[in-house]
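**Student:** my_file.cif (mmCIF, C-alpha atoms) pasted underneath:
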data_work
#
loop_
_atom_site.label_atom_id
_atom_site.label_comp_id
_atom_site.auth_asym_id
_atom_site.auth_seq_id
_atom_site.Cartn_x
_atom_site.Cartn_y
_atom_site.Cartn_z
CA MET A 925 -15.88 -43.46 30.56
CA GLU A 926 -14.28 -44.32 33.81
CA ARG A 927 -12.02 -41.79 35.49
CA TYR A 928 -9.50 -44.33 36.72
CA ILE A 929 -7.77 -47.22 34.98
CA THR A 930 -7.56 -49.43 38.05
CA PRO A 931 -8.69 -49.41 41.63
CA LEU A 932 -6.38 -48.06 44.32
CA GLU A 933 -2.74 -48.98 43.66
CA ILE A 934 -0.28 -49.34 46.49
CA ASP A 935 3.42 -48.61 46.08
CA THR A 936 5.05 -50.35 49.04
CA THR A 937 8.51 -48.97 48.27
CA LYS A 938 7.34 -45.36 48.64
CA LYS A 939 4.50 -46.17 51.03
CA LEU A 940 1.95 -44.48 48.76
CA ALA A 941 -1.53 -45.36 47.65
CA TYR A 942 -2.90 -43.79 44.47
CA TYR A 943 -5.19 -44.21 41.49
CA LYS A 944 -3.93 -44.19 37.91
CA THR A 945 -6.09 -41.78 35.96
CA ILE A 946 -7.21 -42.04 32.38
CA LEU A 947 -6.06 -39.02 30.45
CA PRO A 948 -7.64 -38.50 27.04
CA THR A 949 -4.99 -38.45 24.34
CA GLU A 950 -7.03 -36.18 22.10
CA ILE A 951 -10.01 -33.89 22.49
CA PRO A 952 -12.61 -34.66 19.82
CA SER A 953 -12.98 -31.68 17.49
CA GLU A 954 -16.77 -31.68 17.79
CA ASP A 955 -16.41 -30.76 21.46
CA ILE A 956 -14.38 -27.64 20.71
CA PRO A 957 -16.48 -24.51 20.27
CA PHE A 958 -15.95 -22.89 16.88
CA TYR A 959 -16.47 -19.19 16.26
CA TYR A 960 -16.34 -17.16 13.06
CA VAL A 961 -16.01 -13.39 12.65
CA VAL A 962 -18.33 -12.10 9.92
CA GLN A 963 -16.57 -10.60 6.90
CA ASP A 964 -17.86 -8.20 4.24
CA GLY A 965 -20.39 -10.00 2.02
CA ASP A 966 -21.22 -12.76 4.52
CA ARG A 967 -24.88 -13.62 5.03
CA LEU A 968 -26.52 -16.38 7.05
CA ASP A 969 -27.31 -18.43 3.95
CA THR A 970 -23.78 -18.13 2.50
CA LEU A 971 -22.24 -18.97 5.87
CA SER A 972 -24.55 -21.97 6.11
CA TYR A 973 -23.23 -23.15 2.75
CA LYS A 974 -19.64 -22.48 3.84
CA PHE A 975 -19.89 -24.55 7.04
CA TYR A 976 -22.64 -27.09 6.25
CA ASN A 977 -22.51 -27.38 2.43
CA THR A 978 -26.16 -26.30 2.18
CA THR A 979 -27.91 -22.94 2.40
CA GLU A 980 -30.87 -24.56 4.16
CA ASN A 981 -29.25 -24.53 7.62
CA TRP A 982 -29.10 -20.73 7.91
CA TRP A 983 -31.70 -20.91 10.67
CA ILE A 984 -29.33 -22.99 12.84
CA LEU A 985 -26.79 -20.16 12.76
CA ALA A 986 -29.53 -17.60 13.43
CA LYS A 987 -30.94 -19.53 16.39
CA ALA A 988 -27.52 -20.35 17.90
CA ASN A 989 -26.59 -16.66 17.81
CA ASN A 990 -29.95 -15.09 18.75
CA LEU A 991 -30.35 -13.44 15.34
CA ALA A 992 -34.12 -13.30 15.03
CA ASN A 993 -34.53 -10.09 13.04
CA GLY A 994 -35.84 -11.78 9.86
CA SER A 995 -32.82 -10.81 7.77
CA MET A 996 -30.03 -12.89 6.25
CA ALA A 997 -27.62 -10.00 6.78
CA VAL A 998 -25.20 -10.07 9.71
CA PRO A 999 -23.15 -7.02 10.71
CA ILE A 1000 -19.46 -7.16 9.75
CA GLY A 1001 -17.30 -8.05 12.74
CA THR A 1002 -20.02 -10.05 14.50
CA ARG A 1003 -18.60 -13.13 16.24
CA LEU A 1004 -20.81 -16.11 15.40
CA PHE A 1005 -20.91 -19.44 17.18
CA ILE A 1006 -20.92 -22.24 14.59
CA PRO A 1007 -22.62 -25.31 16.10
CA ASN A 1008 -21.96 -28.82 14.85
CA VAL A 1009 -24.88 -30.47 13.09
#
Could you spell out this file's structure in structure tokens?
**Tutor:**
Amino acid sequence: MERYITPLEIDTTKKLAYYKTILPTEIPSEDIPFYYVVQDGDRLDTLSYKFYNTTENWWILAKANNLANGSMAVPIGTRLFIPNV
């Protein structure tokens, strides 16, 4: 995406030269980081189902959050990054 709509514009009445910028009207939701705070009863496989509609993506949550202890359990209160897949 270009940063400017047009090349240099000149306003002769105000004796100014400027560029008109492109401002995004909306930030795509997939670019916004999403975090979740673990509640009582949450496990990697149940969280995978909650966010991805499958228990098979538990490893994505584990890898994204450096949880390589071989357990599905996550301590209550842990703040997890939920990546888009």
**Student:** So that I can check the surroundings of A:Ser995, please list as a list in words every protein, DNA and RNA residue that reaches within 12 Å of it, counting all atoms listed in the file and ignoring chain neighbours fewer than 2 positions away.
**Tutor:**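 Non-adjacent residues within range: Arg967, Leu968, Asp969, Trp982, Trp983, Ala986, Leu991, Ala992, Asn993, Ala997, Val998 and Pro999 of chain A.
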**Student:** Would you please work out which residue, of A:Ile1000, A:Asn989, A:Lys938, A:Ile1006, is nearest to A:Lys974 when using all atoms listed in the file?
**Tutor:** A:Ile1006
**Student:** Select, from A:Glu933, A:Met996, A:Arg1003, A:Asn1008, the residue with the minimum atom-to-atom distance to A:Thr979, counting all atoms listed in the file.
**Tutor:**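 Checking each candidate against A:Thr979, we get A:Met996 as the closest.
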**Student:** Within 7 Å of (-18.4, -19.6, 18.2) in the file's own coordinates, which protein, DNA or RNA residues have an atom, counting only C-alpha atoms? List them as a PyMOL selection string.
**Tutor:** chain A and resi 957-960+1003-1006
**Student:** What is the atom CA of A:Asn990 to atom CA of A:Tyr973 distance in Å?
**Tutor:**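 Result for atom CA of A:Asn990 versus atom CA of A:Tyr973: 19.1 Å, one decimal.
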**Student:** Assuming the input is short of atoms at stretch 983-998 of chain A, produce N, CA and C atoms for that part as a tab-separated table (two decimals), in the coordinates of the input.
**Tutor:**
chain	number	residue	atom	x	y	z
A	983	TRP	N	-30.94	-21.12	9.45
A	983	TRP	CA	-31.70	-20.91	10.67
A	983	TRP	C	-30.97	-21.44	11.91
A	984	ILE	N	-30.11	-22.46	11.72
A	984	ILE	CA	-29.33	-22.99	12.84
A	984	ILE	C	-28.36	-21.92	13.33
A	985	LEU	N	-27.70	-21.25	12.40
A	985	LEU	CA	-26.79	-20.16	12.76
A	985	LEU	C	-27.55	-19.02	13.42
A	986	ALA	N	-28.72	-18.69	12.87
A	986	ALA	CA	-29.53	-17.60	13.43
A	986	ALA	C	-29.96	-17.93	14.86
A	987	LYS	N	-30.46	-19.13	15.06
A	987	LYS	CA	-30.94	-19.53	16.39
A	987	LYS	C	-29.79	-19.62	17.40
A	988	ALA	N	-28.66	-20.18	17.00
A	988	ALA	CA	-27.52	-20.35	17.90
A	988	ALA	C	-26.93	-19.01	18.34
A	989	ASN	N	-27.17	-17.96	17.53
A	989	ASN	CA	-26.59	-16.66	17.81
A	989	ASN	C	-27.63	-15.59	18.12
A	990	ASN	N	-28.86	-16.02	18.41
A	990	ASN	CA	-29.95	-15.09	18.75
A	990	ASN	C	-30.13	-13.99	17.71
A	991	LEU	N	-30.14	-14.38	16.44
A	991	LEU	CA	-30.35	-13.44	15.34
A	991	LEU	C	-31.74	-13.65	14.77
A	992	ALA	N	-32.72	-13.09	15.42
A	992	ALA	CA	-34.12	-13.30	15.03
A	992	ALA	C	-34.74	-12.03	14.47
A	993	ASN	N	-33.99	-11.33	13.59
A	993	ASN	CA	-34.53	-10.09	13.04
A	993	ASN	C	-35.16	-10.27	11.66
A	994	GLY	N	-35.20	-11.49	11.15
A	994	GLY	CA	-35.84	-11.78	9.86
A	994	GLY	C	-34.98	-11.45	8.66
A	995	SER	N	-33.72	-11.16	8.86
A	995	SER	CA	-32.82	-10.81	7.77
A	995	SER	C	-31.69	-11.82	7.68
A	996	MET	N	-31.20	-12.02	6.46
A	996	MET	CA	-30.03	-12.89	6.25
A	996	MET	C	-28.74	-12.13	6.53
A	997	ALA	N	-28.81	-10.82	6.58
A	997	ALA	CA	-27.62	-10.00	6.78
A	997	ALA	C	-27.14	-10.07	8.23
A	998	VAL	N	-25.82	-10.06	8.39
A	998	VAL	CA	-25.20	-10.07	9.71
A	998	VAL	C	-24.15	-8.96	9.69
